[in-house]
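Structure file input.pdb; described as PDB, N, CA and C atoms.
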```pdb
ATOM      1  N   MET A  73      -7.905 -27.861  30.670
ATOM      2  CA  MET A  73      -6.859 -26.859  30.460
ATOM      3  C   MET A  73      -7.099 -26.069  29.181
ATOM      4  N   ALA A  74      -7.548 -26.752  28.125
ATOM      5  CA  ALA A  74      -7.767 -26.075  26.848
ATOM      6  C   ALA A  74      -8.844 -25.006  26.962
ATOM      7  N   ALA A  75      -9.895 -25.278  27.739
ATOM      8  CA  ALA A  75     -10.972 -24.299  27.907
ATOM      9  C   ALA A  75     -10.479 -23.071  28.652
ATOM     10  N   LEU A  76      -9.540 -23.269  29.564
ATOM     11  CA  LEU A  76      -8.988 -22.161  30.343
ATOM     12  C   LEU A  76      -8.214 -21.182  29.452
ATOM     13  N   LEU A  77      -7.610 -21.676  28.383
ATOM     14  CA  LEU A  77      -6.805 -20.847  27.487
ATOM     15  C   LEU A  77      -7.616 -20.223  26.359
ATOM     16  N   GLU A  78      -8.872 -20.619  26.237
ATOM     17  CA  GLU A  78      -9.686 -20.150  25.116
ATOM     18  C   GLU A  78      -9.867 -18.626  25.117
ATOM     19  N   THR A  79     -10.182 -18.036  26.256
ATOM     20  CA  THR A  79     -10.416 -16.588  26.318
ATOM     21  C   THR A  79      -9.146 -15.789  26.004
ATOM     22  N   PRO A  80      -8.005 -16.085  26.636
ATOM     23  CA  PRO A  80      -6.787 -15.340  26.261
ATOM     24  C   PRO A  80      -6.431 -15.502  24.788
ATOM     25  N   ARG A  81      -6.662 -16.706  24.242
ATOM     26  CA  ARG A  81      -6.403 -16.937  22.812
ATOM     27  C   ARG A  81      -7.269 -16.041  21.952
ATOM     28  N   LEU A  82      -8.548 -15.974  22.294
ATOM     29  CA  LEU A  82      -9.469 -15.132  21.524
ATOM     30  C   LEU A  82      -9.103 -13.654  21.628
ATOM     31  N   ILE A  83      -8.644 -13.228  22.796
ATOM     32  CA  ILE A  83      -8.230 -11.828  22.972
ATOM     33  C   ILE A  83      -7.038 -11.508  22.077
ATOM     34  N   CYS A  84      -6.030 -12.384  22.066
ATOM     35  CA  CYS A  84      -4.854 -12.167  21.203
ATOM     36  C   CYS A  84      -5.255 -12.167  19.737
ATOM     37  N   ASP A  85      -6.054 -13.142  19.342
ATOM     38  CA  ASP A  85      -6.471 -13.236  17.940
ATOM     39  C   ASP A  85      -7.294 -12.015  17.528
ATOM     40  N   ALA A  86      -8.246 -11.632  18.373
ATOM     41  CA  ALA A  86      -9.092 -10.479  18.049
ATOM     42  C   ALA A  86      -8.261  -9.194  17.995
ATOM     43  N   GLY A  87      -7.310  -9.061  18.901
ATOM     44  CA  GLY A  87      -6.439  -7.885  18.899
ATOM     45  C   GLY A  87      -5.660  -7.766  17.602
ATOM     46  N   LEU A  88      -5.153  -8.875  17.111
ATOM     47  CA  LEU A  88      -4.392  -8.843  15.860
ATOM     48  C   LEU A  88      -5.298  -8.620  14.657
ATOM     49  N   VAL A  89      -6.514  -9.123  14.698
ATOM     50  CA  VAL A  89      -7.460  -8.864  13.597
ATOM     51  C   VAL A  89      -7.783  -7.378  13.535
ATOM     52  N   VAL A  90      -8.083  -6.787  14.699
ATOM     53  CA  VAL A  90      -8.380  -5.351  14.740
ATOM     54  C   VAL A  90      -7.175  -4.551  14.272
ATOM     55  N   LEU A  91      -6.006  -4.925  14.738
ATOM     56  CA  LEU A  91      -4.785  -4.232  14.324
ATOM     57  C   LEU A  91      -4.583  -4.311  12.811
ATOM     58  N   ALA A  92      -4.813  -5.483  12.234
ATOM     59  CA  ALA A  92      -4.654  -5.641  10.783
ATOM     60  C   ALA A  92      -5.620  -4.738  10.025
ATOM     61  N   TRP A  93      -6.864  -4.657  10.471
ATOM     62  CA  TRP A  93      -7.845  -3.784   9.810
ATOM     63  C   TRP A  93      -7.479  -2.311   9.954
ATOM     64  N   LEU A  94      -6.963  -1.925  11.116
ATOM     65  CA  LEU A  94      -6.543  -0.530  11.296
ATOM     66  C   LEU A  94      -5.369  -0.192  10.373
ATOM     67  N   VAL A  95      -4.424  -1.105  10.270
ATOM     68  CA  VAL A  95      -3.279  -0.872   9.385
ATOM     69  C   VAL A  95      -3.753  -0.747   7.941
ATOM     70  N   GLN A  96      -4.624  -1.658   7.516
ATOM     71  CA  GLN A  96      -5.115  -1.633   6.138
ATOM     72  C   GLN A  96      -5.971  -0.394   5.854
ATOM     73  N   GLY A  97      -6.792  -0.006   6.808
ATOM     74  CA  GLY A  97      -7.741   1.074   6.567
ATOM     75  C   GLY A  97      -7.226   2.470   6.863
ATOM     76  N   ILE A  98      -6.260   2.577   7.779
ATOM     77  CA  ILE A  98      -5.784   3.903   8.186
ATOM     78  C   ILE A  98      -4.326   4.121   7.820
ATOM     79  N   LEU A  99      -3.475   3.186   8.189
ATOM     80  CA  LEU A  99      -2.043   3.402   8.007
ATOM     81  C   LEU A  99      -1.618   3.387   6.549
ATOM     82  N   TYR A 100      -1.952   2.329   5.828
ATOM     83  CA  TYR A 100      -1.499   2.240   4.439
ATOM     84  C   TYR A 100      -2.004   3.404   3.586
ATOM     85  N   PRO A 101      -3.263   3.815   3.692
ATOM     86  CA  PRO A 101      -3.701   4.978   2.913
ATOM     87  C   PRO A 101      -2.953   6.270   3.288
ATOM     88  N   SER A 102      -2.480   6.359   4.535
ATOM     89  CA  SER A 102      -1.766   7.574   4.944
ATOM     90  C   SER A 102      -0.399   7.699   4.287
ATOM     91  N   PHE A 103       0.115   6.608   3.714
ATOM     92  CA  PHE A 103       1.399   6.676   3.013
ATOM     93  C   PHE A 103       1.374   7.735   1.916
ATOM     94  N   LEU A 104       0.225   7.959   1.319
ATOM     95  CA  LEU A 104       0.112   8.942   0.243
ATOM     96  C   LEU A 104       0.334  10.369   0.736
ATOM     97  N   ARG A 105       0.184  10.602   2.033
ATOM     98  CA  ARG A 105       0.311  11.945   2.593
ATOM     99  C   ARG A 105       1.691  12.232   3.198
ATOM    100  N   ILE A 106       2.556  11.225   3.214
ATOM    101  CA  ILE A 106       3.882  11.389   3.801
ATOM    102  C   ILE A 106       4.868  11.757   2.700
ATOM    103  N   ASP A 107       5.610  12.820   2.941
ATOM    104  CA  ASP A 107       6.627  13.271   1.992
ATOM    105  C   ASP A 107       7.650  12.149   1.775
ATOM    106  N   PRO A 108       7.911  11.771   0.531
ATOM    107  CA  PRO A 108       8.848  10.666   0.268
ATOM    108  C   PRO A 108      10.220  10.860   0.925
ATOM    109  N   GLY A 109      10.672  12.094   1.058
ATOM    110  CA  GLY A 109      11.963  12.350   1.689
ATOM    111  C   GLY A 109      11.967  12.076   3.181
ATOM    112  N   ARG A 110      10.784  12.085   3.801
ATOM    113  CA  ARG A 110      10.676  11.863   5.241
ATOM    114  C   ARG A 110      10.166  10.460   5.582
ATOM    115  N   PHE A 111       9.847   9.669   4.567
ATOM    116  CA  PHE A 111       9.218   8.372   4.806
ATOM    117  C   PHE A 111      10.098   7.416   5.616
ATOM    118  N   ALA A 112      11.378   7.337   5.303
ATOM    119  CA  ALA A 112      12.265   6.383   5.995
ATOM    120  C   ALA A 112      12.315   6.675   7.490
ATOM    121  N   GLY A 113      12.463   7.920   7.856
ATOM    122  CA  GLY A 113      12.495   8.291   9.278
ATOM    123  C   GLY A 113      11.170   8.029   9.961
ATOM    124  N   TRP A 114      10.092   8.385   9.272
ATOM    125  CA  TRP A 114       8.757   8.142   9.818
ATOM    126  C   TRP A 114       8.544   6.647  10.031
ATOM    127  N   HIS A 115       8.966   5.827   9.069
ATOM    128  CA  HIS A 115       8.759   4.386   9.156
ATOM    129  C   HIS A 115       9.534   3.779  10.322
ATOM    130  N   ARG A 116      10.763   4.226  10.549
ATOM    131  CA  ARG A 116      11.543   3.738  11.694
ATOM    132  C   ARG A 116      10.823   4.041  13.003
ATOM    133  N   THR A 117      10.317   5.264  13.134
ATOM    134  CA  THR A 117       9.593   5.653  14.345
ATOM    135  C   THR A 117       8.319   4.836  14.505
ATOM    136  N   TYR A 118       7.583   4.690  13.428
ATOM    137  CA  TYR A 118       6.331   3.933  13.465
ATOM    138  C   TYR A 118       6.565   2.478  13.878
ATOM    139  N   THR A 119       7.564   1.825  13.282
ATOM    140  CA  THR A 119       7.783   0.411  13.588
ATOM    141  C   THR A 119       8.210   0.212  15.041
ATOM    142  N   ARG A 120       8.994   1.135  15.579
ATOM    143  CA  ARG A 120       9.364   1.047  16.996
ATOM    144  C   ARG A 120       8.135   1.191  17.888
ATOM    145  N   ARG A 121       7.271   2.112  17.557
ATOM    146  CA  ARG A 121       6.086   2.352  18.383
ATOM    147  C   ARG A 121       5.052   1.240  18.262
ATOM    148  N   ILE A 122       4.789   0.777  17.069
ATOM    149  CA  ILE A 122       3.764  -0.245  16.865
ATOM    150  C   ILE A 122       4.224  -1.586  17.436
ATOM    151  N   ALA A 123       5.534  -1.786  17.550
ATOM    152  CA  ALA A 123       6.060  -3.042  18.099
ATOM    153  C   ALA A 123       5.585  -3.267  19.531
ATOM    154  N   TRP A 124       5.361  -2.191  20.287
ATOM    155  CA  TRP A 124       4.876  -2.320  21.663
ATOM    156  C   TRP A 124       3.475  -2.935  21.714
ATOM    157  N   ILE A 125       2.754  -2.882  20.628
ATOM    158  CA  ILE A 125       1.419  -3.478  20.551
ATOM    159  C   ILE A 125       1.494  -4.854  19.881
ATOM    160  N   VAL A 126       2.219  -4.927  18.776
ATOM    161  CA  VAL A 126       2.248  -6.149  17.968
ATOM    162  C   VAL A 126       3.005  -7.288  18.653
ATOM    163  N   VAL A 127       4.161  -7.016  19.190
ATOM    164  CA  VAL A 127       5.005  -8.081  19.748
ATOM    165  C   VAL A 127       4.303  -8.829  20.890
ATOM    166  N   PRO A 128       3.723  -8.147  21.872
ATOM    167  CA  PRO A 128       3.035  -8.915  22.922
ATOM    168  C   PRO A 128       1.878  -9.758  22.387
ATOM    169  N   LEU A 129       1.127  -9.221  21.431
ATOM    170  CA  LEU A 129       0.021  -9.997  20.873
ATOM    171  C   LEU A 129       0.526 -11.232  20.131
ATOM    172  N   MET A 130       1.590 -11.072  19.353
ATOM    173  CA  MET A 130       2.126 -12.209  18.609
ATOM    174  C   MET A 130       2.777 -13.237  19.528
ATOM    175  N   LEU A 131       3.499 -12.780  20.540
ATOM    176  CA  LEU A 131       4.077 -13.711  21.510
ATOM    177  C   LEU A 131       2.970 -14.442  22.262
ATOM    178  N   GLY A 132       1.906 -13.722  22.583
ATOM    179  CA  GLY A 132       0.768 -14.344  23.241
ATOM    180  C   GLY A 132       0.177 -15.447  22.371
ATOM    181  N   GLN A 133       0.073 -15.193  21.089
ATOM    182  CA  GLN A 133      -0.428 -16.223  20.172
ATOM    183  C   GLN A 133       0.477 -17.449  20.171
ATOM    184  N   VAL A 134       1.763 -17.227  20.092
ATOM    185  CA  VAL A 134       2.711 -18.349  20.061
ATOM    186  C   VAL A 134       2.588 -19.188  21.330
ATOM    187  N   VAL A 135       2.553 -18.524  22.465
ATOM    188  CA  VAL A 135       2.502 -19.230  23.741
ATOM    189  C   VAL A 135       1.162 -19.952  23.910
ATOM    190  N   LEU A 136       0.079 -19.304  23.552
ATOM    191  CA  LEU A 136      -1.256 -19.858  23.803
ATOM    192  C   LEU A 136      -1.691 -20.896  22.771
ATOM    193  N   HIS A 137      -1.152 -20.836  21.585
ATOM    194  CA  HIS A 137      -1.552 -21.798  20.556
ATOM    195  C   HIS A 137      -0.610 -22.961  20.566
TER     196      HIS A 137
END
```
Conversion result in structure tokens:
Amino acid sequence: MAALLETPRLICDAGLVVLAWLVQGILYPSFLRIDPGRFAGWHRTYTRRIAWIVVPLMLGQVVLH
């Protein structure tokens, strides 16, 4: 059974690693280009959108590990 779950586990883990690198390399540096007055609204929109990617990967990790 453990071998059967290895591939889905690796997919979830790899997805979150890639996501973390994208956030560190692209998203965080872009904060410098966002007008401080618009940041709160932008952040609300971003977190709602990114949740569609992050939540399934994290739930997958919880279930598979």
Alpha helix (DSSP H) positions in chain A, given as a PyMOL selection string: chain A and resi 74-94+100-102+111-136
Got time to write the residues from that selection, N, CA and C atoms, as a short mmCIF file (atom, residue, chain, number, x, y, z; two decimals), keeping the file's coordinate frame?
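See result_35.cif below for the written result:
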```cif
data_model
loop_
_atom_site.label_atom_id
_atom_site.label_comp_id
_atom_site.auth_asym_id
_atom_site.auth_seq_id
_atom_site.Cartn_x
_atom_site.Cartn_y
_atom_site.Cartn_z
N ALA A 74 -7.55 -26.75 28.12
CA ALA A 74 -7.77 -26.08 26.85
C ALA A 74 -8.84 -25.01 26.96
N ALA A 75 -9.90 -25.28 27.74
CA ALA A 75 -10.97 -24.30 27.91
C ALA A 75 -10.48 -23.07 28.65
N LEU A 76 -9.54 -23.27 29.56
CA LEU A 76 -8.99 -22.16 30.34
C LEU A 76 -8.21 -21.18 29.45
N LEU A 77 -7.61 -21.68 28.38
CA LEU A 77 -6.80 -20.85 27.49
C LEU A 77 -7.62 -20.22 26.36
N GLU A 78 -8.87 -20.62 26.24
CA GLU A 78 -9.69 -20.15 25.12
C GLU A 78 -9.87 -18.63 25.12
N THR A 79 -10.18 -18.04 26.26
CA THR A 79 -10.42 -16.59 26.32
C THR A 79 -9.15 -15.79 26.00
N PRO A 80 -8.01 -16.08 26.64
CA PRO A 80 -6.79 -15.34 26.26
C PRO A 80 -6.43 -15.50 24.79
N ARG A 81 -6.66 -16.71 24.24
CA ARG A 81 -6.40 -16.94 22.81
C ARG A 81 -7.27 -16.04 21.95
N LEU A 82 -8.55 -15.97 22.29
CA LEU A 82 -9.47 -15.13 21.52
C LEU A 82 -9.10 -13.65 21.63
N ILE A 83 -8.64 -13.23 22.80
CA ILE A 83 -8.23 -11.83 22.97
C ILE A 83 -7.04 -11.51 22.08
N CYS A 84 -6.03 -12.38 22.07
CA CYS A 84 -4.85 -12.17 21.20
C CYS A 84 -5.26 -12.17 19.74
N ASP A 85 -6.05 -13.14 19.34
CA ASP A 85 -6.47 -13.24 17.94
C ASP A 85 -7.29 -12.02 17.53
N ALA A 86 -8.25 -11.63 18.37
CA ALA A 86 -9.09 -10.48 18.05
C ALA A 86 -8.26 -9.19 18.00
N GLY A 87 -7.31 -9.06 18.90
CA GLY A 87 -6.44 -7.88 18.90
C GLY A 87 -5.66 -7.77 17.60
N LEU A 88 -5.15 -8.88 17.11
CA LEU A 88 -4.39 -8.84 15.86
C LEU A 88 -5.30 -8.62 14.66
N VAL A 89 -6.51 -9.12 14.70
CA VAL A 89 -7.46 -8.86 13.60
C VAL A 89 -7.78 -7.38 13.54
N VAL A 90 -8.08 -6.79 14.70
CA VAL A 90 -8.38 -5.35 14.74
C VAL A 90 -7.18 -4.55 14.27
N LEU A 91 -6.01 -4.92 14.74
CA LEU A 91 -4.78 -4.23 14.32
C LEU A 91 -4.58 -4.31 12.81
N ALA A 92 -4.81 -5.48 12.23
CA ALA A 92 -4.65 -5.64 10.78
C ALA A 92 -5.62 -4.74 10.02
N TRP A 93 -6.86 -4.66 10.47
CA TRP A 93 -7.84 -3.78 9.81
C TRP A 93 -7.48 -2.31 9.95
N LEU A 94 -6.96 -1.92 11.12
CA LEU A 94 -6.54 -0.53 11.30
C LEU A 94 -5.37 -0.19 10.37
N TYR A 100 -1.95 2.33 5.83
CA TYR A 100 -1.50 2.24 4.44
C TYR A 100 -2.00 3.40 3.59
N PRO A 101 -3.26 3.82 3.69
CA PRO A 101 -3.70 4.98 2.91
C PRO A 101 -2.95 6.27 3.29
N SER A 102 -2.48 6.36 4.54
CA SER A 102 -1.77 7.57 4.94
C SER A 102 -0.40 7.70 4.29
N PHE A 111 9.85 9.67 4.57
CA PHE A 111 9.22 8.37 4.81
C PHE A 111 10.10 7.42 5.62
N ALA A 112 11.38 7.34 5.30
CA ALA A 112 12.26 6.38 6.00
C ALA A 112 12.32 6.68 7.49
N GLY A 113 12.46 7.92 7.86
CA GLY A 113 12.50 8.29 9.28
C GLY A 113 11.17 8.03 9.96
N TRP A 114 10.09 8.38 9.27
CA TRP A 114 8.76 8.14 9.82
C TRP A 114 8.54 6.65 10.03
N HIS A 115 8.97 5.83 9.07
CA HIS A 115 8.76 4.39 9.16
C HIS A 115 9.53 3.78 10.32
N ARG A 116 10.76 4.23 10.55
CA ARG A 116 11.54 3.74 11.69
C ARG A 116 10.82 4.04 13.00
N THR A 117 10.32 5.26 13.13
CA THR A 117 9.59 5.65 14.34
C THR A 117 8.32 4.84 14.50
N TYR A 118 7.58 4.69 13.43
CA TYR A 118 6.33 3.93 13.46
C TYR A 118 6.56 2.48 13.88
N THR A 119 7.56 1.82 13.28
CA THR A 119 7.78 0.41 13.59
C THR A 119 8.21 0.21 15.04
N ARG A 120 8.99 1.14 15.58
CA ARG A 120 9.36 1.05 17.00
C ARG A 120 8.14 1.19 17.89
N ARG A 121 7.27 2.11 17.56
CA ARG A 121 6.09 2.35 18.38
C ARG A 121 5.05 1.24 18.26
N ILE A 122 4.79 0.78 17.07
CA ILE A 122 3.76 -0.24 16.86
C ILE A 122 4.22 -1.59 17.44
N ALA A 123 5.53 -1.79 17.55
CA ALA A 123 6.06 -3.04 18.10
C ALA A 123 5.58 -3.27 19.53
N TRP A 124 5.36 -2.19 20.29
CA TRP A 124 4.88 -2.32 21.66
C TRP A 124 3.48 -2.94 21.71
N ILE A 125 2.75 -2.88 20.63
CA ILE A 125 1.42 -3.48 20.55
C ILE A 125 1.49 -4.85 19.88
N VAL A 126 2.22 -4.93 18.78
CA VAL A 126 2.25 -6.15 17.97
C VAL A 126 3.00 -7.29 18.65
N VAL A 127 4.16 -7.02 19.19
CA VAL A 127 5.00 -8.08 19.75
C VAL A 127 4.30 -8.83 20.89
N PRO A 128 3.72 -8.15 21.87
CA PRO A 128 3.04 -8.91 22.92
C PRO A 128 1.88 -9.76 22.39
N LEU A 129 1.13 -9.22 21.43
CA LEU A 129 0.02 -10.00 20.87
C LEU A 129 0.53 -11.23 20.13
N MET A 130 1.59 -11.07 19.35
CA MET A 130 2.13 -12.21 18.61
C MET A 130 2.78 -13.24 19.53
N LEU A 131 3.50 -12.78 20.54
CA LEU A 131 4.08 -13.71 21.51
C LEU A 131 2.97 -14.44 22.26
N GLY A 132 1.91 -13.72 22.58
CA GLY A 132 0.77 -14.34 23.24
C GLY A 132 0.18 -15.45 22.37
N GLN A 133 0.07 -15.19 21.09
CA GLN A 133 -0.43 -16.22 20.17
C GLN A 133 0.48 -17.45 20.17
N VAL A 134 1.76 -17.23 20.09
CA VAL A 134 2.71 -18.35 20.06
C VAL A 134 2.59 -19.19 21.33
N VAL A 135 2.55 -18.52 22.46
CA VAL A 135 2.50 -19.23 23.74
C VAL A 135 1.16 -19.95 23.91
N LEU A 136 0.08 -19.30 23.55
CA LEU A 136 -1.26 -19.86 23.80
C LEU A 136 -1.69 -20.90 22.77
#
```
So what do you get for atom CA of A:Asp85 versus atom C of A:Trp124, distance-wise?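 These atoms are spaced 14.8 Å apart.
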Quick check, in Å to one decimal: how far apart do atom N of A:Tyr100 and atom N of A:Gln133 lie?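 Atom-to-atom, atom N of A:Tyr100 to atom N of A:Gln133, that is 23.3 Å.
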Atomic distance atom C of A:Ala112 - atom CA of A:Pro128, expressed in Å with one decimal: 23.8 Å
As AutoDock Vina command-line options, please report the centre and edge lengths, rounded to one decimal in Å, of the axis-aligned box that holds all listed atoms of stretch 96-103 of chain A with 5 Å of padding on each of the six sides.
```
--center_x -3.2 --center_y 3.0 --center_z 5.1 --size_x 19.1 --size_y 19.4 --size_z 16.3
```
What residues come out when you apply the PyMOL selection byres (((chain A and resi 88-94 and name CA) around 10) and name CA) to this file, written as a PyMOL selection string? chain A and resi 82-87+95-100+122+125-126+129-130+133
Evaluated on this file, the PyMOL selection byres (((chain A and resi 136 and name CA) around 9) and name CA) picks out some residues - which ones are they, written as a ChimeraX atom specification? /A:77-78,80-81,84,131-135,137
